[in-house]
4 protein chains.
Amino acid sequence: MAETTEAAPTPPPAFANYQNEIYLSGLADQVPDLPCEPGRLEDLARERFAPEPFGYVAGSAGTEGTARANRAAFDRWRIVPRFLRDVSERDLSTTILGTPFPAPVALAPVGVQGIVHPEAELAVARAAAGLRLPMVLSTVSSYRLEEVAEVGGDSPRWFQLYWPRDHDVAASLIARAKAAGFAALVVTLDTFVLAWRPRDLAHAYLPFLHRMGLANYESDPAFLAGLAKSPDEDPGSAVLHWLSMFGDPTKTWDDLVWLREQWDGPILLKGVLHPDDARRAADAGIDGVVVSNHGGRQIDGEIASLDALPAVVEAVGDRMTVLLDSGVRTGSDVIKALALGAKAVLIGRPYVYGLGLGGEDGVRHVLRSLLAELDLSMALAGCRRPGDIGPEVLRRADDLGVVPSSS
Amino acid sequence: MAETTEAAPTPPPAFANYQNEIYLSGLADQVPDLPCEPGRLEDLARERFAPEPFGYVAGSAGTEGTARANRAAFDRWRIVPRFLRDVSERDLSTTILGTPFPAPVALAPVGVQGIVHPEAELAVARAAAGLRLPMVLSTVSSYRLEEVAEVGGDSPRWFQLYWPRDHDVAASLIARAKAAGFAALVVTLDTFVLAWRPRDLAHAYLPFLHRMGLANYESDPAFLAGLAKSPDEDPGSAVLHWLSMFGDPTKTWDDLVWLREQWDGPILLKGVLHPDDARRAADAGIDGVVVSNHGGRQIDGEIASLDALPAVVEAVGDRMTVLLDSGVRTGSDVIKALALGAKAVLIGRPYVYGLGLGGEDGVRHVLRSLLAELDLSMALAGCRRPGDIGPEVLRRADDLGVVPSSS
Amino acid sequence: MAETTEAAPTPPPAFANYQNEIYLSGLADQVPDLPCEPGRLEDLARERFAPEPFGYVAGSAGTEGTARANRAAFDRWRIVPRFLRDVSERDLSTTILGTPFPAPVALAPVGVQGIVHPEAELAVARAAAGLRLPMVLSTVSSYRLEEVAEVGGDSPRWFQLYWPRDHDVAASLIARAKAAGFAALVVTLDTFVLAWRPRDLAHAYLPFLHRMGLANYESDPAFLAGLAKSPDEDPGSAVLHWLSMFGDPTKTWDDLVWLREQWDGPILLKGVLHPDDARRAADAGIDGVVVSNHGGRQIDGEIASLDALPAVVEAVGDRMTVLLDSGVRTGSDVIKALALGAKAVLIGRPYVYGLGLGGEDGVRHVLRSLLAELDLSMALAGCRRPGDIGPEVLRRADDLGVVPSSS
Amino acid sequence: MAETTEAAPTPPPAFANYQNEIYLSGLADQVPDLPCEPGRLEDLARERFAPEPFGYVAGSAGTEGTARANRAAFDRWRIVPRFLRDVSERDLSTTILGTPFPAPVALAPVGVQGIVHPEAELAVARAAAGLRLPMVLSTVSSYRLEEVAEVGGDSPRWFQLYWPRDHDVAASLIARAKAAGFAALVVTLDTFVLAWRPRDLAHAYLPFLHRMGLANYESDPAFLAGLAKSPDEDPGSAVLHWLSMFGDPTKTWDDLVWLREQWDGPILLKGVLHPDDARRAADAGIDGVVVSNHGGRQIDGEIASLDALPAVVEAVGDRMTVLLDSGVRTGSDVIKALALGAKAVLIGRPYVYGLGLGGEDGVRHVLRSLLAELDLSMALAGCRRPGDIGPEVLRRADDLGVVPSSS
């Protein structure tokens, strides 16, 4: 299988090759199955997905103003390239909290991928492993974390935790993630309750109520211990049990002590947007934060993730690893996030569209497109490696630098 | 009837429950009758209402630029959430000028609701009472204030006064409102003349000329005293009489002395946008102001209500209660208004769309949607109660905080 | 004829009455023939006019960016109303350079109105006279200035001069204007050549080449003196002669001496946008300037007229009368222009749409609509007369005044 | 042939005459074949071109945000005209690095024009020569540089170099350009790799892979020396050979020494956006820079070319000639670029649309339209020659100059 061949231990030297592959395929009158531009990709998903899963993936909180703000924030920054630097040999790789990244990009945790494709996280894991891109597996995945780990082989993987109310379940999930070779724990702060999402509400669509996305729970001894009957025998009770423990709004900074004890690898807090929260995380011995507004899915009217980034980096950039997600669509977006201090970004919806539209091949297409554009844009901006990307690469769209005086 | 059950004396502990109800209804393949997003709600109203009443409700003054400005003002502010605070127990209640509010939200006075639904203000009063949300009844309501009060029972209500030219009518309306248990008087400043509203002009549609919205006048002895024949006998004269006294452009600050004498409860002035007007109101012994541009219905090109808020709060926030309306559509909007100093907001058009689309049920759906989103968004922002919401919750969309220097 | 009755010597006390007339007409199931909102009016004109004249009236220079900028400039300013002032008696009248204005509004010079309606400037003059609004007649009118003057009777009128290359023609036109009772001379600076107007170019449409708009020339002895045959006998030569003298790009500030000698009444220069040009005009004994970019019809990418206004007022406001046109569509726009220092505004395209859609009645409808909205908006803003409108009435859309600090 | 007649040694005295020609053609009921507005021109090209070449010409990198930013940057600057200057005699001519320009406009290098019209660069060269506008011929032209030179006659021409990896090919191309009378060398910095262009990727369309645009290579002895068989015998190998040498990401500033030795005429670097790169170019003895982002075709999210201009002019304007391209569409754009310090601009896509829509006539129409608008707009702005256009001609759209204070 071609994908297995690609999953070589050494990262591809030039992700940009994908561009050439596409152009060369044109000589055989073959155009790519899926678009190479994220807007068109979403358009195609809207056309082909059933309304409920499309709404679940594409939708955001409230009037979806936060999702729009995420994109507008990227638009306000502009890349100023430098030329005549030898950029023939690029090395996009980096190491984040001990995990090798072939490029400063990981797959954001996205739950319940089974709603768009039956192979769900397994297909995603295969595509990610082929590129050795770290995948952050959601707690509410459609397949068990052990199954996903097995498919991923030795490709790096992190585990995203929706920190449940029940300590035993939390401890069990963490232990299983550890056992299955997940290298870091990404604890989502911003989803202890589900937000007001009008698209899902219009469809009265919450996949979990149909037992979708509960694979990790229904396979968990600690979770099952709370049930009188097995989920198959009494599905309603299983779902209610899950609902009762999924999120925990009572959690406070003090609870991080317990968490820190459960996991000796790196822990990242996902959802931090305020510099003071970042400082508290650093004080609590947390290793990193993901500056994120959950893709605009939690609070309408929230600060754009990219707008929140500089203050967080200023506050804790010297003590913690700062990543970013929410609104990242293109290679240029990655450059902007890195220039503002992120060490890497997480990409979400685009690969889920790829999954729904083309399974593993679709995911691979989306990831390779992003990496190709990143590779090419870095080269064109005069940057050979992530470390070359600093704030001097950017200027504000409305900052003139030199303004002629006018009488 | 389920609604009666809900009208419990204690406010619901978690408005967010409404979200769960909707999702759970999906298990029975039941989707909500009405949209959960204010834009879609207006779209549906446009589709289902007759053009004249839709134009009357949705329309604004002139080119409707003020209505657009109201929304743009909210967009410029972004919420910065805080995490790992125990927000499991939220209490959205507050007390405004002696009136208990289960959440910092009231129903704005909207006149002549009979044009969209025959039950009009009665249906609204029932829905509001079910949630114990204060309703501000318009002077130009389709039902008599006494009828609305009876329906509302012991749920809190305020009375909005279009201060008529005729002192006897003014005094009579105020006395009746007092007798009917309205707890506060909201005096609208900005509608002593009707504005230039192209949608209504295109339809030559002014409901009052057809005796709609005159219930309080036609039942008022002081008003009737000015008529030779009863309104039913000579409707034309009744309407002309009403037109001649409805508004009074001669009123000045000195007239507040008389008003203050008529009403010993709290008085709020609605429509204040300039800090100096707020100061004069405070000096005149007024208890509160509603920063409002009448939903953009009076002056085209007017300052956005939210943009006017901070200066008013700065001027009189320590002496008066400052509320806000105009442009509020979502729970996040409520958070932003509170963060900028409002103690509560008034919501208008959305519940009228709910009324026209679904009667009492429709109003309830809209109110519960707003409260659910507010409850969830406050929790997600790290706020347990209105008092937790201060200016530090917000940042301007274009304020970077930390800007990397660029050579 | 109803219109004659309206042309009373005293200005109507309350232009807002027009609103009431429209609403009352609804009782007889009569809606207005034309829209009451300028955008809808233009939409209807686009639908009903032939493409060439619509393009000529609606079109602007190049990509029409200046026309968009004109509107955007108004949007950036917001009106802050004041309340509880007695505004029952408004007096919108003012006197501009000796001419009584019933409201701070005049009809901008618009050429060749015959392309949209056969009665052209005669219909406009009748409508203007009915309201006693000053009409500024264009040099390139479809009817002779004497004919228009006769129709206008004793209602005030000004004459706009396209200053021709031929001194004899210039002197003759000026003398005729004087004789016909035009009270002021408005000399357009910005149209010595015609701009690049893609809509007209697409139709290869220049009405003057078909002898439209040349009435004042073809009736002028000095113009005819330059022709071997009469225009009817040799129309081509007449047009070429007109083309050769219509504009004069050689004119300089020194030429104003000659102009000043020809006309002992007030002279205004129309098209001034730079404060230094305004200063030179004042130094040359000119009485007023019209800050104008010719409705965006001359230079694409030009400064918005309203954006240019404050600097001109700052430069010469104490020495000259400053008027404004370009982009004025609503009564609120008038208030904004006055607040920024204009003494009056000129309105253009809207009344031409009214003319083409409804002849004299259409013009009257448009003017009365504008005046009604101005009257109502001034009342609602707390202003009784133009002199009450100062800079304190405005705030910038993005100026918060009081900004809460955010950590 | 009319065009030959037009190619007179003296620049046309008034480009604006083209406007008159179009209007006069209307007397014979002839409207122009092509639009006079750049947006309409692109619309027509979209309609008439095949999707692949239209996508290639119109498309930009990634989400095409840089192309949008280019236009937005022009919109933020507004022209402030001055009047009553004698502008009857304009002279738009200038001299750039020894080359006479009849106007501060050149034809940007655009490759492989054969995809839109069979006469390609030959038609463009004829149209340019007719106006004596300098044409910058692309390395990847559809016709050999010698053929294009022959058609252009003594009209000025520059050669754009995609600096190949193979020194012999580079030297040969440069020598041929010199021999064929190209007066300056424009070295493109920003295209050593091709960018991520979704429109082309969607079509898997890269014309060069079909040997289109390789005329200069396939006619080059140094290029052919690297092939075992002629391109006609083995086209695949020829294309691969071209691919391997087309761009060279290893080039650094040191390589400019070699380049400087190859060419004793003026050298410009195209693609400079950062002032430090401009300084290094000046230090390396380069004569000029073209501030350019390749029409937005290389890096998505890049700084707008016009936004980058002032800092480059500030850095090297006294030592080098600074030109600009990317986003220039109108005569007003040219004025803005000159006002911000560019000595001339390069125009790209519009003339290619003209070529595809009307061959040589189409190119001429587009160029004459631009020049006519430039000529007219300069006259209307009070500028007689390029040297009259300085920063005082501009103001920022949101800069008020004089702001009234508001309490």
# chains A, B, ... in the order shown; residues from 1 in each chain; ligands from 1
>>> residues_around(residues="segment 16-23 of chain A", least_positions_apart="6", cutoff="8 Å", atoms="only C-alpha atoms", output="PyMOL selection string")
(chain A and resi 31-32+368-369+371-373+375-376) or (chain D and resi 196+201+204-206)
>>> residues_around(residues="segment 186-188 of chain D", least_positions_apart="4", cutoff="8 Å", atoms="only C-alpha atoms", output="list in words")
Val136, Trp158, Phe159, Gln160, Leu161, Tyr162, Trp163, Ile267, Leu268, Leu269, Lys270 and Gly271 of chain D
>>> residues_around(residues="Ser142 of chain D", least_positions_apart="6", cutoff="7 Å", atoms="only C-alpha atoms", output="list in words")
Val112, Gln113, Gly114, Ala120, Glu121, Met212, Gly213, Leu214 and Ala215 of chain D
>>> interface_residues(of="chain C", to="chain D", cutoff="7 Å", atoms="only C-alpha atoms", output="ChimeraX atom specification")
/C:62-63,189-190,195-196,198,201-206,249-253,273-274,277,299-303,307,310-311,391-392,394-395
>>> closest_residue(among="D:Ala180, D:Ile96, D:Ala304, D:Val140", to="Ala342 of chain D", atoms="only C-alpha atoms")
D:Ile96
>>> closest_residue(among="C:Val313, C:Leu131, C:Ile115, C:Val291", to="Gly341 of chain C", atoms="only C-alpha atoms")
C:Val313
>>> atom_distance(atom1="atom CA of Asp248 of chain B", atom2="atom CA of Arg165 of chain B")
4.9 Å
>>> residues_around(residues="segment 232-240 of chain B", least_positions_apart="4", cutoff="10 Å", atoms="only C-alpha atoms", output="number ranges by chain")
B: 208-212, 214, 217-218, 223-224, 226-228, 244-246
>>> select_by_dssp(residues="segment 182-277 of chain B", states="strand (DSSP E)", output="ChimeraX atom specification")
/B:185-188,267-272
>>> write_last_selection(atoms="N, CA and C atoms", output="PDB file, in the first residue's frame")
ATOM      1  N   LEU B 185     -41.098  52.943  36.324  1.00  0.00           N
ATOM      2  CA  LEU B 185     -41.590  53.719  35.191  1.00  0.00           C
ATOM      3  C   LEU B 185     -40.397  54.001  34.268  1.00  0.00           C
ATOM      4  N   VAL B 186     -40.556  53.583  33.005  1.00  0.00           N
ATOM      5  CA  VAL B 186     -39.493  53.785  32.020  1.00  0.00           C
ATOM      6  C   VAL B 186     -39.992  54.823  31.022  1.00  0.00           C
ATOM      7  N   VAL B 187     -39.440  56.007  31.103  1.00  0.00           N
ATOM      8  CA  VAL B 187     -39.931  57.116  30.282  1.00  0.00           C
ATOM      9  C   VAL B 187     -39.065  57.244  29.040  1.00  0.00           C
ATOM     10  N   THR B 188     -39.700  57.048  27.909  1.00  0.00           N
ATOM     11  CA  THR B 188     -38.955  57.106  26.655  1.00  0.00           C
ATOM     12  C   THR B 188     -38.790  58.542  26.210  1.00  0.00           C
ATOM     13  N   ILE B 267     -37.825  55.645  38.572  1.00  0.00           N
ATOM     14  CA  ILE B 267     -38.024  56.163  37.213  1.00  0.00           C
ATOM     15  C   ILE B 267     -36.723  55.988  36.443  1.00  0.00           C
ATOM     16  N   LEU B 268     -36.872  55.457  35.223  1.00  0.00           N
ATOM     17  CA  LEU B 268     -35.712  55.392  34.316  1.00  0.00           C
ATOM     18  C   LEU B 268     -36.022  56.211  33.075  1.00  0.00           C
ATOM     19  N   LEU B 269     -35.022  56.888  32.569  1.00  0.00           N
ATOM     20  CA  LEU B 269     -35.164  57.585  31.297  1.00  0.00           C
ATOM     21  C   LEU B 269     -34.535  56.724  30.215  1.00  0.00           C
ATOM     22  N   LYS B 270     -35.314  56.445  29.198  1.00  0.00           N
ATOM     23  CA  LYS B 270     -34.853  55.569  28.126  1.00  0.00           C
ATOM     24  C   LYS B 270     -34.526  56.395  26.890  1.00  0.00           C
ATOM     25  N   GLY B 271     -33.306  56.200  26.373  1.00  0.00           N
ATOM     26  CA  GLY B 271     -32.908  56.929  25.184  1.00  0.00           C
ATOM     27  C   GLY B 271     -31.699  57.829  25.421  1.00  0.00           C
ATOM     28  N   VAL B 272     -31.221  57.867  26.651  1.00  0.00           N
ATOM     29  CA  VAL B 272     -30.068  58.719  26.967  1.00  0.00           C
ATOM     30  C   VAL B 272     -28.819  58.153  26.286  1.00  0.00           C
TER      31      VAL B 272
END
>>> select_by_dssp(residues="segment 198-392 of chain D", states="alpha helix (DSSP H)", output="VMD selection string")
chain D and resid 198 to 203 215 to 218 221 to 224 235 to 245 255 to 262 275 to 283 305 to 316 331 to 339 349 to 381
>>> atom_distance(atom1="atom CA of Leu41 of chain D", atom2="atom CA of Glu47 of chain C")
23.6 Å
